[in-house]
$ cat coords.cif   # mmCIF, C-alpha atoms
data_run
loop_
_atom_site.group_PDB
_atom_site.id
_atom_site.type_symbol
_atom_site.label_atom_id
_atom_site.label_comp_id
_atom_site.auth_asym_id
_atom_site.auth_seq_id
_atom_site.Cartn_x
_atom_site.Cartn_y
_atom_site.Cartn_z
ATOM 1 C CA MET M 27 116.201 138.758 109.325
ATOM 2 C CA THR M 28 112.491 137.906 109.459
ATOM 3 C CA THR M 29 111.078 138.403 112.966
ATOM 4 C CA THR M 30 107.354 137.905 112.331
ATOM 5 C CA CYS M 31 105.441 134.906 111.014
ATOM 6 C CA GLN M 32 104.353 135.277 107.396
ATOM 7 C CA ILE M 33 101.277 133.145 108.123
ATOM 8 C CA CYS M 34 99.711 134.888 111.131
ATOM 9 C CA GLY M 35 102.011 137.801 111.956
ATOM 10 C CA GLY M 36 103.041 136.369 115.334
ATOM 11 C CA ALA M 37 106.508 136.767 116.832
ATOM 12 C CA LEU M 38 109.235 134.293 115.844
ATOM 13 C CA THR M 39 111.527 132.940 118.557
ATOM 14 C CA PRO M 40 114.463 130.454 118.354
ATOM 15 C CA TYR M 41 113.309 126.818 118.580
ATOM 16 C CA LEU M 42 116.190 124.548 117.516
ATOM 17 C CA ALA M 43 119.408 124.489 115.497
ATOM 18 C CA ALA M 44 120.720 121.675 113.299
ATOM 19 C CA PRO M 45 123.073 121.115 110.344
ATOM 20 C CA ASP M 46 122.116 119.919 106.902
ATOM 21 C CA PRO M 47 121.650 116.124 107.335
ATOM 22 C CA ASP M 48 123.757 115.717 104.181
ATOM 23 C CA ASP M 49 126.626 117.632 105.811
ATOM 24 C CA LEU M 50 126.690 117.129 109.583
ATOM 25 C CA ALA M 51 130.053 118.884 109.844
ATOM 26 C CA GLY M 52 128.777 121.926 107.958
ATOM 27 C CA PRO M 53 127.081 125.101 109.179
ATOM 28 C CA ARG M 54 124.079 124.925 111.480
ATOM 29 C CA PHE M 55 120.714 126.415 110.584
ATOM 30 C CA THR M 56 118.219 127.776 113.082
ATOM 31 C CA MET M 57 114.482 127.216 113.079
ATOM 32 C CA LEU M 58 112.465 130.094 114.485
ATOM 33 C CA ARG M 59 108.959 129.243 115.657
ATOM 34 C CA CYS M 60 105.843 131.416 115.771
ATOM 35 C CA THR M 61 104.376 132.034 119.206
ATOM 36 C CA GLY M 62 100.938 132.242 117.588
ATOM 37 C CA CYS M 63 100.272 129.487 115.034
ATOM 38 C CA GLY M 64 103.409 127.444 115.765
ATOM 39 C CA THR M 65 104.767 127.653 112.198
ATOM 40 C CA GLY M 66 108.566 127.328 111.925
ATOM 41 C CA ARG M 67 110.925 129.302 109.704
ATOM 42 C CA THR M 68 114.485 128.369 108.691
ATOM 43 C CA THR M 69 117.209 130.969 109.043
ATOM 44 C CA PRO M 70 119.455 132.435 107.783
ATOM 45 C CA GLU M 71 117.422 133.455 104.764
ATOM 46 C CA MET M 72 119.010 132.553 101.439
ATOM 47 C CA SER M 73 118.590 133.548 97.828
ATOM 48 C CA ALA M 74 117.077 131.168 95.292
ATOM 49 C CA ALA M 75 120.540 130.498 93.880
ATOM 50 C CA GLU M 76 121.928 129.677 97.322
ATOM 51 C CA LEU M 77 119.066 127.289 98.071
ATOM 52 C CA ALA M 78 119.451 125.592 94.697
ATOM 53 C CA GLY M 79 122.941 124.556 95.741
ATOM 54 C CA PHE M 80 121.442 122.223 98.362
ATOM 55 C CA TYR M 81 119.545 120.188 95.745
ATOM 56 C CA HIS M 82 121.939 117.777 94.084
ATOM 57 C CA ALA M 83 120.879 115.178 91.503
ATOM 58 C CA GLY M 84 120.681 112.452 94.130
ATOM 59 C CA TYR M 85 117.943 114.338 95.912
ATOM 60 C CA PHE M 86 115.502 113.083 93.264
ATOM 61 C CA GLY M 87 116.815 109.513 93.301
ATOM 62 C CA GLU M 88 119.772 108.155 91.404
ATOM 63 C CA VAL M 89 119.429 105.533 88.700
ATOM 64 C CA GLY M 90 120.924 102.295 89.984
ATOM 65 C CA GLY M 91 119.906 102.841 93.621
ATOM 66 C CA LEU M 92 117.797 100.479 95.691
ATOM 67 C CA LEU M 93 114.647 102.128 94.342
ATOM 68 C CA ASP M 94 115.315 100.301 91.081
ATOM 69 C CA ARG M 95 114.858 96.956 92.815
ATOM 70 C CA PRO M 96 111.378 95.463 92.264
ATOM 71 C CA SER M 97 110.574 94.910 95.952
ATOM 72 C CA ILE M 98 111.392 98.511 96.916
ATOM 73 C CA GLY M 99 109.721 99.831 93.783
ATOM 74 C CA ARG M 100 106.472 98.142 94.806
ATOM 75 C CA LEU M 101 106.513 99.923 98.153
ATOM 76 C CA ARG M 102 107.011 103.265 96.451
ATOM 77 C CA ALA M 103 104.226 102.487 93.992
ATOM 78 C CA LEU M 104 101.936 101.816 96.950
ATOM 79 C CA ALA M 105 102.759 105.235 98.401
ATOM 80 C CA LEU M 106 102.023 106.924 95.074
ATOM 81 C CA ARG M 107 98.707 105.080 94.790
ATOM 82 C CA ARG M 108 97.722 106.414 98.197
ATOM 83 C CA ARG M 109 98.332 109.929 96.898
ATOM 84 C CA LEU M 110 96.178 109.146 93.887
ATOM 85 C CA VAL M 111 93.375 107.838 96.102
ATOM 86 C CA ALA M 112 93.506 111.057 98.136
ATOM 87 C CA LEU M 113 93.042 113.053 94.927
ATOM 88 C CA GLN M 114 90.324 110.772 93.527
ATOM 89 C CA ARG M 115 88.340 111.089 96.743
ATOM 90 C CA HIS M 116 87.732 114.766 95.982
ATOM 91 C CA CYS M 117 88.328 115.171 92.243
ATOM 92 C CA PRO M 118 88.009 111.962 90.196
ATOM 93 C CA ALA M 119 89.177 111.681 86.593
ATOM 94 C CA PRO M 120 88.744 112.977 84.003
ATOM 95 C CA ALA M 121 90.170 116.257 85.219
ATOM 96 C CA ARG M 122 92.954 118.635 84.226
ATOM 97 C CA LEU M 123 95.636 118.065 86.858
ATOM 98 C CA LEU M 124 98.694 120.175 87.662
ATOM 99 C CA ASP M 125 101.343 118.686 89.958
ATOM 100 C CA VAL M 126 103.492 121.522 91.284
ATOM 101 C CA GLY M 127 107.011 120.434 92.166
ATOM 102 C CA CYS M 128 106.529 117.167 90.314
ATOM 103 C CA GLY M 129 110.045 115.874 91.088
ATOM 104 C CA ASP M 130 110.692 112.536 89.391
ATOM 105 C CA GLY M 131 107.245 112.526 87.748
ATOM 106 C CA GLY M 132 106.110 109.246 89.301
ATOM 107 C CA PHE M 133 102.808 110.630 90.535
ATOM 108 C CA LEU M 134 102.070 112.343 87.214
ATOM 109 C CA ALA M 135 102.658 109.121 85.295
ATOM 110 C CA LEU M 136 100.320 107.222 87.628
ATOM 111 C CA ALA M 137 97.624 109.909 87.394
ATOM 112 C CA ALA M 138 97.848 109.889 83.592
ATOM 113 C CA ARG M 139 97.199 106.132 83.553
ATOM 114 C CA ALA M 140 94.194 106.733 85.809
ATOM 115 C CA GLY M 141 92.621 109.073 83.232
ATOM 116 C CA TYR M 142 93.784 112.543 84.307
ATOM 117 C CA GLN M 143 95.041 115.096 81.813
ATOM 118 C CA VAL M 144 98.356 115.829 83.486
ATOM 119 C CA GLN M 145 100.805 118.687 83.564
ATOM 120 C CA GLY M 146 103.886 119.138 85.744
ATOM 121 C CA LEU M 147 105.676 122.214 87.006
ATOM 122 C CA GLU M 148 109.241 121.868 88.301
ATOM 123 C CA LEU M 149 111.813 124.472 89.231
ATOM 124 C CA THR M 150 115.025 122.478 89.313
ATOM 125 C CA ALA M 151 116.859 121.177 86.277
ATOM 126 C CA ALA M 152 117.535 117.846 88.026
ATOM 127 C CA GLY M 153 113.820 117.246 88.505
ATOM 128 C CA ARG M 154 113.006 118.204 84.926
ATOM 129 C CA ASP M 155 115.678 115.870 83.556
ATOM 130 C CA VAL M 156 114.317 112.900 85.489
ATOM 131 C CA THR M 157 110.734 113.716 84.603
ATOM 132 C CA SER M 158 111.456 113.993 80.880
ATOM 133 C CA ARG M 159 112.260 110.270 80.797
ATOM 134 C CA LEU M 160 108.633 109.442 81.595
ATOM 135 C CA GLY M 161 107.119 111.397 78.725
ATOM 136 C CA VAL M 162 104.913 113.604 80.906
ATOM 137 C CA PRO M 163 104.653 117.322 80.053
ATOM 138 C CA VAL M 164 106.622 119.526 82.445
ATOM 139 C CA ARG M 165 107.200 123.262 82.399
ATOM 140 C CA GLU M 166 109.857 125.210 84.229
ATOM 141 C CA GLY M 167 108.947 127.435 87.138
ATOM 142 C CA ASN M 168 107.568 127.587 90.650
ATOM 143 C CA ARG M 169 104.606 129.954 90.239
ATOM 144 C CA PRO M 170 101.682 128.464 88.269
ATOM 145 C CA HIS M 171 100.079 131.817 87.436
ATOM 146 C CA ARG M 172 103.226 132.790 85.537
ATOM 147 C CA ALA M 173 103.838 129.440 83.849
ATOM 148 C CA PHE M 174 100.208 129.124 82.647
ATOM 149 C CA ALA M 175 99.120 132.742 82.240
ATOM 150 C CA GLY M 176 95.962 133.068 80.128
ATOM 151 C CA GLU M 177 95.491 129.307 79.666
ATOM 152 C CA THR M 178 92.585 127.053 80.639
ATOM 153 C CA ARG M 179 92.432 126.650 84.384
ATOM 154 C CA PHE M 180 93.094 123.388 86.170
ATOM 155 C CA THR M 181 90.424 121.259 87.817
ATOM 156 C CA ALA M 182 92.909 119.989 90.400
ATOM 157 C CA ILE M 183 96.328 121.014 91.686
ATOM 158 C CA THR M 184 98.539 118.839 93.891
ATOM 159 C CA LEU M 185 101.452 119.922 96.059
ATOM 160 C CA TRP M 186 103.064 116.772 97.438
ATOM 161 C CA HIS M 187 105.582 117.893 100.053
ATOM 162 C CA VAL M 188 106.524 120.975 98.092
ATOM 163 C CA LEU M 189 105.087 123.845 100.130
ATOM 164 C CA GLU M 190 107.625 123.454 102.949
ATOM 165 C CA HIS M 191 110.466 123.995 100.442
ATOM 166 C CA ASP M 192 109.196 127.411 99.336
ATOM 167 C CA PRO M 193 110.446 130.485 101.244
ATOM 168 C CA ALA M 194 107.152 132.229 100.422
ATOM 169 C CA PRO M 195 104.427 129.558 100.732
ATOM 170 C CA ALA M 196 101.606 132.099 100.952
ATOM 171 C CA GLU M 197 102.674 133.450 97.570
ATOM 172 C CA LEU M 198 102.754 129.950 96.080
ATOM 173 C CA LEU M 199 99.265 129.137 97.405
ATOM 174 C CA ALA M 200 97.893 132.389 95.976
ATOM 175 C CA SER M 201 99.514 131.552 92.627
ATOM 176 C CA CYS M 202 97.864 128.114 92.641
ATOM 177 C CA ALA M 203 94.483 129.654 93.440
ATOM 178 C CA GLN M 204 94.789 131.931 90.400
ATOM 179 C CA VAL M 205 94.975 129.010 87.953
ATOM 180 C CA LEU M 206 92.431 126.821 89.754
ATOM 181 C CA ALA M 207 88.999 126.667 88.137
ATOM 182 C CA PRO M 208 85.942 127.613 90.237
ATOM 183 C CA GLY M 209 85.008 124.485 92.153
ATOM 184 C CA GLY M 210 88.506 123.071 91.537
ATOM 185 C CA TRP M 211 90.513 121.262 94.185
ATOM 186 C CA LEU M 212 93.873 121.814 95.823
ATOM 187 C CA VAL M 213 95.259 118.675 97.522
ATOM 188 C CA LEU M 214 98.551 118.905 99.391
ATOM 189 C CA GLY M 215 100.770 117.232 101.940
ATOM 190 C CA VAL M 216 103.416 118.690 104.275
ATOM 191 C CA PRO M 217 105.392 117.442 107.289
ATOM 192 C CA ASN M 218 103.715 118.229 110.612
ATOM 193 C CA LEU M 219 105.822 120.186 113.106
ATOM 194 C CA ASP M 220 103.229 119.376 115.772
ATOM 195 C CA SER M 221 103.601 115.625 115.216
ATOM 196 C CA LEU M 222 104.700 113.204 117.895
ATOM 197 C CA GLN M 223 107.795 112.306 115.900
ATOM 198 C CA ALA M 224 108.804 115.951 115.499
ATOM 199 C CA ARG M 225 108.519 116.466 119.245
ATOM 200 C CA LEU M 226 110.290 113.224 120.182
ATOM 201 C CA PHE M 227 113.254 113.403 117.807
ATOM 202 C CA ARG M 228 113.729 117.155 117.289
ATOM 203 C CA THR M 229 117.094 117.544 115.458
ATOM 204 C CA ARG M 230 117.045 113.842 114.511
ATOM 205 C CA TRP M 231 113.553 114.050 113.037
ATOM 206 C CA TYR M 232 113.679 112.735 109.483
ATOM 207 C CA HIS M 233 111.424 115.483 108.086
ATOM 208 C CA LEU M 234 113.412 118.384 109.562
ATOM 209 C CA ASP M 235 115.743 118.520 106.510
ATOM 210 C CA LEU M 236 117.303 121.956 107.010
ATOM 211 C CA PRO M 237 117.826 124.088 105.002
ATOM 212 C CA ARG M 238 115.760 122.578 102.164
ATOM 213 C CA HIS M 239 112.647 122.823 104.318
ATOM 214 C CA GLN M 240 112.236 126.549 104.628
ATOM 215 C CA VAL M 241 108.855 126.585 106.389
ATOM 216 C CA HIS M 242 107.646 124.054 108.957
ATOM 217 C CA PHE M 243 103.867 123.795 109.216
ATOM 218 C CA THR M 244 101.451 123.021 111.992
ATOM 219 C CA GLU M 245 97.835 122.239 111.130
ATOM 220 C CA ARG M 246 96.747 125.619 112.460
ATOM 221 C CA GLY M 247 99.287 127.448 110.327
ATOM 222 C CA LEU M 248 98.567 125.421 107.191
ATOM 223 C CA VAL M 249 94.809 125.931 107.437
ATOM 224 C CA ALA M 250 95.310 129.675 107.915
ATOM 225 C CA ALA M 251 97.632 129.902 104.895
ATOM 226 C CA VAL M 252 95.236 128.016 102.593
ATOM 227 C CA ARG M 253 92.257 130.090 103.699
ATOM 228 C CA ALA M 254 94.233 133.295 103.111
ATOM 229 C CA ALA M 255 94.590 132.188 99.463
ATOM 230 C CA GLY M 256 90.786 132.259 99.144
ATOM 231 C CA LEU M 257 90.218 128.506 99.317
ATOM 232 C CA GLU M 258 87.783 126.623 101.539
ATOM 233 C CA ILE M 259 89.055 123.718 103.642
ATOM 234 C CA ARG M 260 87.145 120.509 102.915
ATOM 235 C CA ALA M 261 89.193 117.815 104.676
ATOM 236 C CA THR M 262 92.339 117.245 106.714
ATOM 237 C CA GLY M 263 94.138 114.001 107.516
ATOM 238 C CA HIS M 264 97.056 112.877 109.674
ATOM 239 C CA PHE M 265 98.085 109.422 108.468
ATOM 240 C CA SER M 266 100.627 108.800 105.739
ATOM 241 C CA LEU M 267 102.295 105.493 104.948
ATOM 242 C CA GLU M 268 105.037 107.287 103.088
ATOM 243 C CA TYR M 269 105.708 110.161 105.487
ATOM 244 C CA GLY M 270 104.139 109.037 108.764
ATOM 245 C CA VAL M 271 105.278 105.429 109.073
ATOM 246 C CA PHE M 272 108.542 105.851 107.181
ATOM 247 C CA GLY M 273 109.220 109.161 108.935
ATOM 248 C CA MET M 274 108.878 107.436 112.313
ATOM 249 C CA TYR M 275 111.000 104.473 111.140
ATOM 250 C CA GLN M 276 113.825 106.649 109.845
ATOM 251 C CA SER M 277 113.711 108.931 112.895
ATOM 252 C CA LEU M 278 114.073 105.919 115.203
ATOM 253 C CA ALA M 279 116.941 104.635 113.051
ATOM 254 C CA ASN M 280 118.659 108.037 113.381
ATOM 255 C CA LEU M 281 119.142 107.223 117.063
ATOM 256 C CA VAL M 282 121.420 104.261 116.292
ATOM 257 C CA THR M 283 123.594 105.641 113.448
ATOM 258 C CA THR M 284 125.967 108.569 113.237
ATOM 259 C CA GLU M 285 125.065 109.145 109.566
ATOM 260 C CA ARG M 286 121.711 110.875 109.282
ATOM 261 C CA ASN M 287 118.779 109.423 107.327
ATOM 262 C CA LEU M 288 120.721 106.360 106.241
ATOM 263 C CA ILE M 289 117.683 104.293 105.166
ATOM 264 C CA TYR M 290 116.577 107.109 102.885
ATOM 265 C CA ARG M 291 120.089 107.514 101.485
ATOM 266 C CA LEU M 292 120.321 103.839 100.622
ATOM 267 C CA LEU M 293 116.925 103.969 98.909
ATOM 268 C CA ARG M 294 117.157 107.252 97.047
ATOM 269 C CA ARG M 295 120.701 108.458 96.657
ATOM 270 C CA GLY M 296 122.814 105.570 95.434
ATOM 271 C CA THR M 297 124.725 105.413 98.732
ATOM 272 C CA PRO M 298 127.024 102.331 98.785
ATOM 273 C CA LEU M 299 125.879 99.466 100.981
ATOM 274 C CA TRP M 300 129.462 98.727 102.054
ATOM 275 C CA PRO M 301 131.558 101.935 102.072
ATOM 276 C CA GLU M 302 135.286 102.358 102.493
ATOM 277 C CA THR M 303 135.500 103.877 105.989
ATOM 278 C CA ALA M 304 135.225 101.802 109.149
ATOM 279 C CA ALA M 305 132.834 104.306 110.772
ATOM 280 C CA ALA M 306 130.420 104.120 107.841
ATOM 281 C CA ARG M 307 130.567 100.322 107.859
ATOM 282 C CA ARG M 308 129.735 100.321 111.586
ATOM 283 C CA ASP M 309 126.734 102.519 110.834
ATOM 284 C CA ARG M 310 125.430 99.964 108.375
ATOM 285 C CA LEU M 311 125.967 97.098 110.794
ATOM 286 C CA HIS M 312 124.114 98.953 113.545
ATOM 287 C CA LEU M 313 121.317 99.791 111.131
ATOM 288 C CA GLY M 314 121.019 96.208 109.918
ATOM 289 C CA LEU M 315 120.709 94.931 113.480
ATOM 290 C CA ALA M 316 118.207 97.614 114.494
ATOM 291 C CA LEU M 317 115.855 97.659 111.504
ATOM 292 C CA PRO M 318 113.849 94.496 112.332
ATOM 293 C CA LEU M 319 113.461 95.666 115.944
ATOM 294 C CA LEU M 320 112.331 99.183 114.995
ATOM 295 C CA LEU M 321 109.659 98.337 112.432
ATOM 296 C CA GLY M 322 106.947 97.284 114.897
ATOM 297 C CA PRO M 323 107.375 100.294 117.199
ATOM 298 C CA ALA M 324 107.494 102.618 114.173
ATOM 299 C CA VAL M 325 104.144 101.363 112.851
ATOM 300 C CA LEU M 326 102.480 101.478 116.278
ATOM 301 C CA LEU M 327 103.748 104.970 117.055
ATOM 302 C CA ALA M 328 102.783 106.282 113.603
ATOM 303 C CA VAL M 329 99.237 104.932 113.956
ATOM 304 C CA ALA M 330 98.971 106.309 117.500
ATOM 305 C CA GLU M 331 100.120 109.807 116.528
ATOM 306 C CA ALA M 332 97.711 109.875 113.584
ATOM 307 C CA LEU M 333 94.771 108.817 115.789
ATOM 308 C CA ALA M 334 95.721 111.572 118.217
ATOM 309 C CA GLY M 335 95.692 114.153 115.407
ATOM 310 C CA ARG M 336 99.484 114.505 115.610
ATOM 311 C CA GLY M 337 100.553 112.517 112.541
ATOM 312 C CA GLY M 338 103.983 112.948 110.977
ATOM 313 C CA ALA M 339 102.418 114.482 107.868
ATOM 314 C CA LEU M 340 99.386 116.651 107.221
ATOM 315 C CA LEU M 341 97.072 116.004 104.261
ATOM 316 C CA LEU M 342 94.723 118.827 103.315
ATOM 317 C CA ALA M 343 92.068 119.195 100.615
ATOM 318 C CA ALA M 344 90.631 122.615 99.783
ATOM 319 C CA GLN M 345 88.294 123.923 97.104
ATOM 320 C CA ARG M 346 88.031 127.171 95.233
ATOM 321 C CA PRO M 347 84.518 128.609 95.749
ATOM 322 C CA ILE M 348 82.305 128.543 92.676
ATOM 323 C CA THR M 349 81.119 132.041 93.484
ATOM 324 C CA PRO M 350 83.393 134.577 95.207
ATOM 325 C CA SER M 351 82.588 135.232 98.860
ATOM 326 C CA ALA M 352 81.261 138.645 99.740
#
$ encode --input "coords.cif" --output "structure tokens"
Amino acid sequence: MTTTCQICGGALTPYLAAPDPDDLAGPRFTMLRCTGCGTGRTTPEMSAAELAGFYHAGYFGEVGGLLDRPSIGRLRALALRRRLVALQRHCPAPARLLDVGCGDGGFLALAARAGYQVQGLELTAAGRDVTSRLGVPVREGNRPHRAFAGETRFTAITLWHVLEHDPAPAELLASCAQVLAPGGWLVLGVPNLDSLQARLFRTRWYHLDLPRHQVHFTERGLVAAVRAAGLEIRATGHFSLEYGVFGMYQSLANLVTTERNLIYRLLRRGTPLWPETAAARRDRLHLGLALPLLLGPAVLLAVAEALAGRGGALLLAAQRPITPSA
């Protein structure tokens, strides 16, 4: 078992234990936390094949779920546009863009319409199948330097909530740096283990998601990991509509339901609105009563934590130096 932090080399000590939110009756996983940079690590360690078993098709969104409804789709489109704005702020189109861990391909499709020359990289078959429906080019893999060996380098690479899923994030960042052109940009987002919501809700925090989240970043740990890949930090941010506000909203809702992450399940995973069991129906009634009351506090708390530099998600932009440092 790993006993030292792969980011800074500090000692790892037990921090919390929780089950997979998709299987509350299943085995519990332990997060170890670094005494130096605060980065968390999920244990026990698993092989790639074992981890793949925790990614079912519904993880990427099932056709026929609430996401297909126009009103919900508009909210998701707004979140994707905010990602695009974050990229455009540092690397406007035209540019050759690689989205690593492109999932359902929504961001790639939006970036293509905005003038970027897009390419996706996705490890899981479920993600590739969904992405293929949008007509965006996607290759298989999780290490860009292998998937694009000897090809023209990318002007921009995005990692939207992908890095925390990788058991070896330092290796992934180094791989991205290898295919990034001099002066090119890396823009990424990860959940923030130092956020107010992480501290308040602990095992009921929406973004905990054990064991799929293998590494749990603090700003200090993330900055150190990106710098170790040879990139220069240009900007950091703490507010996210998609992960900050919604993360707070879902975490608050987790306090009033026995089923974990029920809002997310209804949106993404085709979960029935009115299930067969009485306990599940009670969960939905409790959620329906609580949702209007929780929205205001969720927004206020998410804004407050972002202003305090403790937002639910971290946004980071880094650049590959045009000339290597001495």
$ closest_residue --input "coords.cif" --among "M:Asp125, M:Asp130, M:Glu302, M:Asp309" --to "Glu285 of chain M" --atoms "only C-alpha atoms"
M:Asp309
$ closest_atom_pairs --input "coords.cif" --of "segment 249-352 of chain M" --to "segment 166-189 of chain M" --cutoff "12 Å" --atoms "only C-alpha atoms" --output "JSON lines"
{"residue": "M:Ala251", "atom": "CA", "partner": "M:Leu189", "partner_atom": "CA", "distance": 10.7}
{"residue": "M:Val252", "atom": "CA", "partner": "M:Leu189", "partner_atom": "CA", "distance": 11.0}
{"residue": "M:Ser266", "atom": "CA", "partner": "M:Trp186", "partner_atom": "CA", "distance": 11.8}
{"residue": "M:Glu268", "atom": "CA", "partner": "M:His187", "partner_atom": "CA", "distance": 11.0}
{"residue": "M:Tyr269", "atom": "CA", "partner": "M:His187", "partner_atom": "CA", "distance": 9.5}
{"residue": "M:Ala339", "atom": "CA", "partner": "M:His187", "partner_atom": "CA", "distance": 9.1}
{"residue": "M:Leu340", "atom": "CA", "partner": "M:His187", "partner_atom": "CA", "distance": 9.6}
{"residue": "M:Leu341", "atom": "CA", "partner": "M:Trp186", "partner_atom": "CA", "distance": 9.1}
{"residue": "M:Leu342", "atom": "CA", "partner": "M:Leu185", "partner_atom": "CA", "distance": 10.0}
{"residue": "M:Ala343", "atom": "CA", "partner": "M:Thr184", "partner_atom": "CA", "distance": 9.3}
{"residue": "M:Ala344", "atom": "CA", "partner": "M:Ala182", "partner_atom": "CA", "distance": 10.0}
{"residue": "M:Gln345", "atom": "CA", "partner": "M:Ala182", "partner_atom": "CA", "distance": 9.0}
{"residue": "M:Arg346", "atom": "CA", "partner": "M:Thr181", "partner_atom": "CA", "distance": 9.8}
{"residue": "M:Ile348", "atom": "CA", "partner": "M:Thr181", "partner_atom": "CA", "distance": 11.9}
$ residues_around --input "coords.cif" --residues "Leu147 of chain M" --least-positions-apart "4" --cutoff "6 Å" --atoms "all atoms listed in the file" --output "list in words"
Val126, Gly127, Val164, Arg165 and Glu166 of chain M
$ atom_distance --input "coords.cif" --atom1 "atom CA of Ala138 of chain M" --atom2 "atom CA of Gly263 of chain M"
24.6 Å
$ residues_around --input "coords.cif" --residues "Asp192 of chain M" --least-positions-apart "4" --cutoff "10 Å" --atoms "all atoms listed in the file" --output "PyMOL selection string"
chain M and resi 74+77+168+188+196-198+238-241
$ write_last_selection --input "coords.cif" --atoms "C-alpha atoms" --output "PDB file, keeping the file's coordinate frame"
ATOM      1  CA  ALA M  74     117.077 131.168  95.292  1.00  0.00           C
ATOM      2  CA  LEU M  77     119.066 127.289  98.071  1.00  0.00           C
ATOM      3  CA  ASN M 168     107.568 127.587  90.650  1.00  0.00           C
ATOM      4  CA  VAL M 188     106.524 120.975  98.092  1.00  0.00           C
ATOM      5  CA  ALA M 196     101.606 132.099 100.952  1.00  0.00           C
ATOM      6  CA  GLU M 197     102.674 133.450  97.570  1.00  0.00           C
ATOM      7  CA  LEU M 198     102.754 129.950  96.080  1.00  0.00           C
ATOM      8  CA  ARG M 238     115.760 122.578 102.164  1.00  0.00           C
ATOM      9  CA  HIS M 239     112.647 122.823 104.318  1.00  0.00           C
ATOM     10  CA  GLN M 240     112.236 126.549 104.628  1.00  0.00           C
ATOM     11  CA  VAL M 241     108.855 126.585 106.389  1.00  0.00           C
TER      12      VAL M 241
END
$ resolve_selection --input "coords.cif" --expression "the PyMOL selection byres ((chain M and resi 31) around 9)" --output "number ranges by chain"
M: 28-30, 32-38, 59-63, 65-67
$ residues_around --input "coords.cif" --residues "Ala324 of chain M" --least-positions-apart "5" --cutoff "10 Å" --atoms "all atoms listed in the file" --output "PyMOL selection string"
chain M and resi 223+270-279+319+329-330
$ atom_distance --input "coords.cif" --atom1 "atom CA of Arg115 of chain M" --atom2 "atom CA of Arg260 of chain M"
11.3 Å
$ closest_residue --input "coords.cif" --among "M:Gly132, M:Gln145, M:Pro217, M:Ala200" --to "Thr157 of chain M" --atoms "all atoms listed in the file"
M:Gly132
$ atom_distance --input "coords.cif" --atom1 "atom CA of Asp46 of chain M" --atom2 "atom CA of Thr150 of chain M"
19.1 Å
$ closest_residue --input "coords.cif" --among "M:Leu136, M:Arg107, M:Phe265, M:His191" --to "Leu326 of chain M" --atoms "all atoms listed in the file"
M:Phe265
$ resolve_selection --input "coords.cif" --expression "the PyMOL selection byres ((chain M and resi 55) around 7)" --output "list in words"
Ala43, Ala44, Pro45, Pro53, Arg54, Thr56, Met57, Thr68, Thr69, Pro70, Leu236 and Pro237 of chain M
$ closest_residue --input "coords.cif" --among "M:Cys117, M:Ala255, M:Thr283, M:Ala328" --to "Arg308 of chain M" --atoms "all atoms listed in the file"
M:Thr283
$ axis_aligned_box --input "coords.cif" --around "segment 247-257 of chain M" --padding-each-side "4 Å" --output "lines of an AutoDock Vina configuration file"
center_x = 94.8
center_y = 129.4
center_z = 104.7
size_x = 17.1
size_y = 15.9
size_z = 19.2
